[in-house]
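Heads up: the structure comes next, in structure tokens.
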Amino acid sequence: SKAGPWISACTELLERGESAAPASADQAGTASSLLRQYRASLRASNAIDLAELQQEALRLLRGNERLCDRLRARWRHVLVDEFQDTDTDQQDLLDALVPENLWAVGDADQAVYGFRGAHPAGFLAFVRRPTTRIYRLEFNYRSVPAICEAAARLIAHGPDREPLELRPQREPQPGAITVLLETDPRGEADAVAREIQRWLERPGTTPADVAVLARTRQQLVEIEFACRRLKIPALNVSSKVLDWALPPQRWLIALLRTCLNDLDDRAFRRVIRPM
């Protein structure tokens with residue numbers, strides 16, 4: 001995406017402060033301008049976002065050893081899940097607390113939140129400490145051997161990673177892995193639908209025999225529409241709208257936010273806007 005570098009620059013500034021170095025001077029100027037407007041909007045709404053909340057916590061902890069000692073005494077055991085997806089501020093918070101017992105779960109090969117400033121360096125540093133005891137979760141109960149082997153060959157090319165041997169526990173199944181390369185969500189969904197259509201041409205195969213798993217809900221929506229365009233019956237089991245996302249509930253949440261913070265202009269506009 002052409003917007004990717006600009007988003008990355010803004011994210012880097014948000015996560016690491018004004019001293020971060022984006023890819024170019026133009027990006028730095030645009031990102032800084034957007035960042036100033038964004039923070040001004042937060043101040044006008046008497047609001048704070050997650051990044052600033054973390055930075056405020058760090059400011060309280062740095063140089064206040066007495067407070068750190070109190071928190072260490074309260075939280076003697078700390079569990080960090082998905083450690084590879086933590087950002088610099090989150091890793092600094094953990095370093096400031098230095099819990100007596102730290103249990104971390106993570107996999108540097110599954111670091112997927114780099115677009116918002118996360119990176120696996122903190123997790124890898126923890127793994128490589130001499131005092132860290134490592135339990136490798138190598139048994140894979142989800143995928144057949146062919147998928148595990150293909151995944152292992154692919155991630156072996158990743159830089160600065162800890163070796164991990166996947167041990168599939170399912171029996172081998174016939175068939176090869178098919179890789180489809182598409183340039184946009186619509187094309188991806190159409191390709192999946194055409195593949196399903198080919199499967200349904202086999203004797204004895206019905207739509208109930210086919211299931212599609214996707215990373216995001218939006219992908220399933222696109223695939224559902226693509227199937228319907230080919231007259232293939234499709235049911236998106238993830239399409240149920242959460243109760244809190246319905247207009248009346250969102251209006252009520254906005255009203256409560258306005259009562260708690262009369263400077264929240266966004267919530268106020270939702271309250272006065274017809275449902």
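A note on labels: chains of the structure tokens are A, B, ... as shown, every chain counts residues from 1, and ligands are counted from 1 in their shown order.
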
| said: as a PyMOL selection string, please: every residue in range 58-195 of chain A that a backbone DSSP assignment puts in strand (DSSP E). | reply: chain A and resi 77-80+101-104+139-140+167-168

| message | Show me, as a ChimeraX atom specification, the residues that have an atom within 12 Å of range 186-199 of chain A when counting only C-alpha atoms, minus same-chain residues fewer than 3 positions from it. | response | /A:178-183,202-214,218-234

| said: From a backbone DSSP assignment, name each residue in range 7-207 of chain A labelled alpha helix (DSSP H), as a count of residues only. | reply: 96

| request: Name the residues in contact with range 101-115 of chain A at a cut-off of 10 Å, using only C-alpha atoms, excluding same-chain residues fewer than 5 positions from it; report them as a PyMOL selection string. | output: chain A and resi 4-5+7-12+72+75-87+94+120-124+126-127+132-137+155-156+158-164

Please produce a file of the residues just selected, as a compact mmCIF listing (two decimals), in the first residue's frame, where the atoms kept are C-alpha atoms.
```
# COMPACT_ATOMS: atom_id res chain seq x y z
CA GLY A 4 2.12 2.08 4.36
CA PRO A 5 5.32 4.17 4.79
CA ILE A 7 1.45 5.01 8.54
CA SER A 8 4.73 3.47 9.69
CA ALA A 9 6.29 6.92 10.17
CA CYS A 10 3.34 8.14 12.25
CA THR A 11 3.34 4.93 14.28
CA GLU A 12 7.07 5.22 14.94
CA ARG A 72 7.34 -5.41 42.86
CA TRP A 75 3.20 -8.23 41.76
CA ARG A 76 5.79 -10.88 42.56
CA HIS A 77 4.63 -13.04 39.65
CA VAL A 78 4.07 -11.56 36.20
CA LEU A 79 2.82 -13.38 33.09
CA VAL A 80 3.38 -11.81 29.65
CA ASP A 81 1.50 -13.42 26.78
CA GLU A 82 2.37 -12.80 23.11
CA PHE A 83 5.65 -11.22 24.26
CA GLN A 84 6.86 -10.90 20.66
CA ASP A 85 4.12 -8.33 19.98
CA THR A 86 5.14 -5.86 22.70
CA ASP A 87 6.45 -2.40 21.81
CA LEU A 94 8.61 -4.54 32.32
CA PRO A 120 10.34 -9.11 19.08
CA ALA A 121 13.71 -7.77 20.29
CA GLY A 122 12.59 -7.67 23.94
CA PHE A 123 11.31 -11.22 23.78
CA LEU A 124 14.51 -12.51 22.17
CA PHE A 126 14.58 -12.39 27.53
CA VAL A 127 14.95 -15.81 25.88
CA THR A 132 15.91 -17.93 31.64
CA ARG A 133 14.51 -21.46 31.68
CA ILE A 134 13.02 -22.33 28.28
CA TYR A 135 10.15 -24.71 27.55
CA ARG A 136 9.78 -25.25 23.81
CA LEU A 137 6.25 -25.97 22.61
CA ILE A 155 10.29 -19.34 8.53
CA ALA A 156 13.80 -20.80 8.49
CA GLY A 158 13.79 -15.32 9.02
CA PRO A 159 16.65 -13.27 10.50
CA ASP A 160 17.67 -13.39 14.16
CA ARG A 161 15.37 -16.19 15.29
CA GLU A 162 15.54 -19.01 17.77
CA PRO A 163 15.45 -22.49 16.18
CA LEU A 164 12.21 -24.40 16.72
```

| field | Exercise: Phe268 in chain A partners within 12 Å, only C-alpha atoms, chain neighbours under 5 positions left out, as a ChimeraX atom specification | value | /A:45,250-263,273-274

Expected file contents, prior selection, all heavy atoms, as a short mmCIF file (atom, residue, chain, number, x, y, z; two decimals), in the first residue's frame:
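File produced: part.cif:
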```
data_model
loop_
_atom_site.label_atom_id
_atom_site.label_comp_id
_atom_site.auth_asym_id
_atom_site.auth_seq_id
_atom_site.Cartn_x
_atom_site.Cartn_y
_atom_site.Cartn_z
N SER A 45 -10.23 16.89 24.07
CA SER A 45 -11.27 15.97 24.54
C SER A 45 -10.98 15.45 25.95
O SER A 45 -11.70 14.58 26.43
CB SER A 45 -11.39 14.79 23.58
OG SER A 45 -11.76 15.21 22.29
N ARG A 250 -24.45 1.54 21.02
CA ARG A 250 -23.36 2.50 20.79
C ARG A 250 -23.80 3.91 21.21
O ARG A 250 -22.99 4.68 21.72
CB ARG A 250 -22.96 2.48 19.32
CG ARG A 250 -22.36 1.14 18.88
CD ARG A 250 -21.95 1.13 17.43
NE ARG A 250 -20.81 2.00 17.19
CZ ARG A 250 -20.23 2.14 16.01
NH1 ARG A 250 -20.70 1.48 14.96
NH2 ARG A 250 -19.20 2.94 15.85
N TRP A 251 -25.07 4.23 20.99
CA TRP A 251 -25.58 5.53 21.42
C TRP A 251 -25.53 5.64 22.94
O TRP A 251 -25.12 6.67 23.49
CB TRP A 251 -27.02 5.71 20.93
CG TRP A 251 -27.63 7.03 21.33
CD1 TRP A 251 -27.55 8.20 20.66
CD2 TRP A 251 -28.37 7.29 22.53
NE1 TRP A 251 -28.21 9.20 21.35
CE2 TRP A 251 -28.72 8.66 22.51
CE3 TRP A 251 -28.78 6.50 23.60
CZ2 TRP A 251 -29.46 9.26 23.53
CZ3 TRP A 251 -29.52 7.10 24.63
CH2 TRP A 251 -29.85 8.46 24.58
N LEU A 252 -25.91 4.55 23.64
CA LEU A 252 -25.90 4.57 25.10
C LEU A 252 -24.47 4.72 25.64
O LEU A 252 -24.23 5.47 26.58
CB LEU A 252 -26.54 3.29 25.65
CG LEU A 252 -26.59 3.15 27.18
CD1 LEU A 252 -27.35 4.31 27.79
CD2 LEU A 252 -27.20 1.82 27.57
N ILE A 253 -23.53 4.01 25.01
CA ILE A 253 -22.13 4.12 25.43
C ILE A 253 -21.63 5.55 25.22
O ILE A 253 -20.93 6.11 26.08
CB ILE A 253 -21.25 3.11 24.65
CG1 ILE A 253 -21.61 1.68 25.07
CG2 ILE A 253 -19.77 3.40 24.88
CD1 ILE A 253 -20.93 0.61 24.23
N ALA A 254 -22.00 6.16 24.08
CA ALA A 254 -21.60 7.55 23.83
C ALA A 254 -22.20 8.49 24.87
O ALA A 254 -21.54 9.44 25.32
CB ALA A 254 -22.03 7.96 22.42
N LEU A 255 -23.45 8.24 25.26
CA LEU A 255 -24.09 9.07 26.29
C LEU A 255 -23.35 8.97 27.62
O LEU A 255 -23.10 9.98 28.29
CB LEU A 255 -25.56 8.65 26.46
CG LEU A 255 -26.36 9.42 27.53
CD1 LEU A 255 -26.44 10.90 27.18
CD2 LEU A 255 -27.75 8.81 27.67
N LEU A 256 -22.99 7.75 28.00
CA LEU A 256 -22.25 7.55 29.25
C LEU A 256 -20.89 8.24 29.18
O LEU A 256 -20.43 8.85 30.16
CB LEU A 256 -22.09 6.06 29.54
CG LEU A 256 -23.38 5.29 29.85
CD1 LEU A 256 -23.08 3.80 29.95
CD2 LEU A 256 -24.01 5.80 31.14
N ARG A 257 -20.22 8.14 28.03
CA ARG A 257 -18.93 8.82 27.87
C ARG A 257 -19.09 10.33 28.00
O ARG A 257 -18.24 10.99 28.61
CB ARG A 257 -18.32 8.46 26.52
CG ARG A 257 -17.77 7.04 26.43
CD ARG A 257 -17.27 6.72 25.04
NE ARG A 257 -16.28 7.69 24.59
CZ ARG A 257 -15.77 7.68 23.36
NH1 ARG A 257 -16.17 6.77 22.48
NH2 ARG A 257 -14.88 8.57 23.01
N THR A 258 -20.15 10.88 27.44
CA THR A 258 -20.39 12.32 27.53
C THR A 258 -20.66 12.74 28.97
O THR A 258 -20.20 13.80 29.41
CB THR A 258 -21.59 12.71 26.63
OG1 THR A 258 -21.34 12.29 25.30
CG2 THR A 258 -21.80 14.21 26.65
N CYS A 259 -21.39 11.90 29.71
CA CYS A 259 -21.66 12.22 31.12
C CYS A 259 -20.37 12.22 31.95
O CYS A 259 -20.21 13.04 32.86
CB CYS A 259 -22.65 11.21 31.71
SG CYS A 259 -24.32 11.32 31.00
N LEU A 260 -19.46 11.31 31.61
CA LEU A 260 -18.21 11.21 32.36
C LEU A 260 -17.21 12.28 31.94
O LEU A 260 -16.38 12.72 32.74
CB LEU A 260 -17.58 9.82 32.16
CG LEU A 260 -18.30 8.66 32.84
CD1 LEU A 260 -17.71 7.33 32.39
CD2 LEU A 260 -18.22 8.78 34.35
N ASN A 261 -17.27 12.69 30.67
CA ASN A 261 -16.29 13.65 30.15
C ASN A 261 -17.00 14.57 29.17
O ASN A 261 -17.20 14.24 28.00
CB ASN A 261 -15.14 12.89 29.45
CG ASN A 261 -14.11 13.82 28.86
OD1 ASN A 261 -14.11 15.03 29.12
ND2 ASN A 261 -13.21 13.28 28.05
N ASP A 262 -17.41 15.75 29.66
CA ASP A 262 -18.17 16.66 28.80
C ASP A 262 -17.32 17.31 27.71
O ASP A 262 -17.83 18.07 26.88
CB ASP A 262 -18.87 17.74 29.63
CG ASP A 262 -17.89 18.55 30.48
OD1 ASP A 262 -16.67 18.37 30.31
OD2 ASP A 262 -18.36 19.35 31.32
N LEU A 263 -16.01 17.01 27.69
CA LEU A 263 -15.14 17.51 26.62
C LEU A 263 -15.00 16.51 25.47
O LEU A 263 -14.32 16.80 24.48
CB LEU A 263 -13.76 17.85 27.17
CG LEU A 263 -13.70 19.00 28.19
CD1 LEU A 263 -12.28 19.18 28.69
CD2 LEU A 263 -14.24 20.29 27.59
N ARG A 273 -26.60 12.80 17.09
CA ARG A 273 -26.84 12.36 15.72
C ARG A 273 -27.98 11.34 15.71
O ARG A 273 -28.00 10.40 16.52
CB ARG A 273 -25.58 11.72 15.15
CG ARG A 273 -25.67 11.36 13.66
CD ARG A 273 -24.33 10.82 13.18
NE ARG A 273 -23.96 9.60 13.89
CZ ARG A 273 -22.73 9.11 13.92
NH1 ARG A 273 -21.75 9.77 13.34
NH2 ARG A 273 -22.47 7.99 14.57
N PRO A 274 -28.95 11.46 14.81
CA PRO A 274 -30.06 10.49 14.77
C PRO A 274 -29.53 9.07 14.52
O PRO A 274 -28.60 8.87 13.71
CB PRO A 274 -30.92 10.97 13.60
CG PRO A 274 -30.55 12.41 13.42
CD PRO A 274 -29.11 12.52 13.81
#
```

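From CA of Gln90 in chain A back to CA of Ala51 in chain A, the distance works out to 9.2 Å.
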
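Counting from CA of Leu35 in chain A, the distance to CA of Arg266 in chain A is 18.2 Å.
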
| task | For Gln55 in chain A, list every protein, DNA or RNA residue within 9 Å, evaluated using only C-alpha atoms, and leave out those in the same chain fewer than 3 positions away; present the list as a VMD selection string. | result | chain A and resid 50 to 52 58 to 60 89 to 90 93

Output file for the selection above: N, CA and C atoms, as a PDB file, in the first residue's frame:
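Written output follows (out27.pdb):
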```
ATOM      1  N   LEU A  50      -3.553   4.769  24.475  1.00  0.00           N
ATOM      2  CA  LEU A  50      -2.758   3.723  25.114  1.00  0.00           C
ATOM      3  C   LEU A  50      -1.279   4.076  25.145  1.00  0.00           C
ATOM      4  N   ALA A  51      -0.753   4.637  24.038  1.00  0.00           N
ATOM      5  CA  ALA A  51       0.675   4.969  23.991  1.00  0.00           C
ATOM      6  C   ALA A  51       1.033   5.985  25.075  1.00  0.00           C
ATOM      7  N   GLU A  52       0.210   7.038  25.228  1.00  0.00           N
ATOM      8  CA  GLU A  52       0.492   8.049  26.246  1.00  0.00           C
ATOM      9  C   GLU A  52       0.278   7.499  27.647  1.00  0.00           C
ATOM     10  N   LEU A  58       5.604   5.105  32.622  1.00  0.00           N
ATOM     11  CA  LEU A  58       7.068   5.083  32.637  1.00  0.00           C
ATOM     12  C   LEU A  58       7.636   6.310  33.335  1.00  0.00           C
ATOM     13  N   ARG A  59       7.025   7.473  33.085  1.00  0.00           N
ATOM     14  CA  ARG A  59       7.514   8.697  33.738  1.00  0.00           C
ATOM     15  C   ARG A  59       7.373   8.606  35.261  1.00  0.00           C
ATOM     16  N   LEU A  60       6.321   7.954  35.728  1.00  0.00           N
ATOM     17  CA  LEU A  60       6.129   7.795  37.174  1.00  0.00           C
ATOM     18  C   LEU A  60       7.150   6.830  37.777  1.00  0.00           C
ATOM     19  N   ASP A  89       7.771   0.783  24.724  1.00  0.00           N
ATOM     20  CA  ASP A  89       7.277   1.263  26.016  1.00  0.00           C
ATOM     21  C   ASP A  89       6.862   0.105  26.912  1.00  0.00           C
ATOM     22  N   GLN A  90       6.207  -0.884  26.361  1.00  0.00           N
ATOM     23  CA  GLN A  90       5.777  -2.029  27.153  1.00  0.00           C
ATOM     24  C   GLN A  90       6.982  -2.808  27.684  1.00  0.00           C
ATOM     25  N   LEU A  93       8.485  -0.786  30.505  1.00  0.00           N
ATOM     26  CA  LEU A  93       7.691  -0.937  31.726  1.00  0.00           C
ATOM     27  C   LEU A  93       8.075  -2.213  32.461  1.00  0.00           C
TER      28      LEU A  93
END
```

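Among A:Ala96, A:Val144, A:Ile272, A:Leu53, the residue with the shortest atom-to-atom distance to Glu65 in chain A, counting only C-alpha atoms, is A:Ala96.
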
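Note that CA of Arg269 in chain A and CA of Pro248 in chain A are 14.5 Å apart.
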
| Counting only C-alpha atoms, what is within 7 Å of range 166-176 of chain A, bar same-chain residues fewer than 2 positions away, as a list of chain:residue names? | A:Glu138, A:Phe139, A:Asn140, A:Tyr141, A:Ser143, A:Val144, A:Pro145, A:Cys148, A:Leu164, A:Thr178
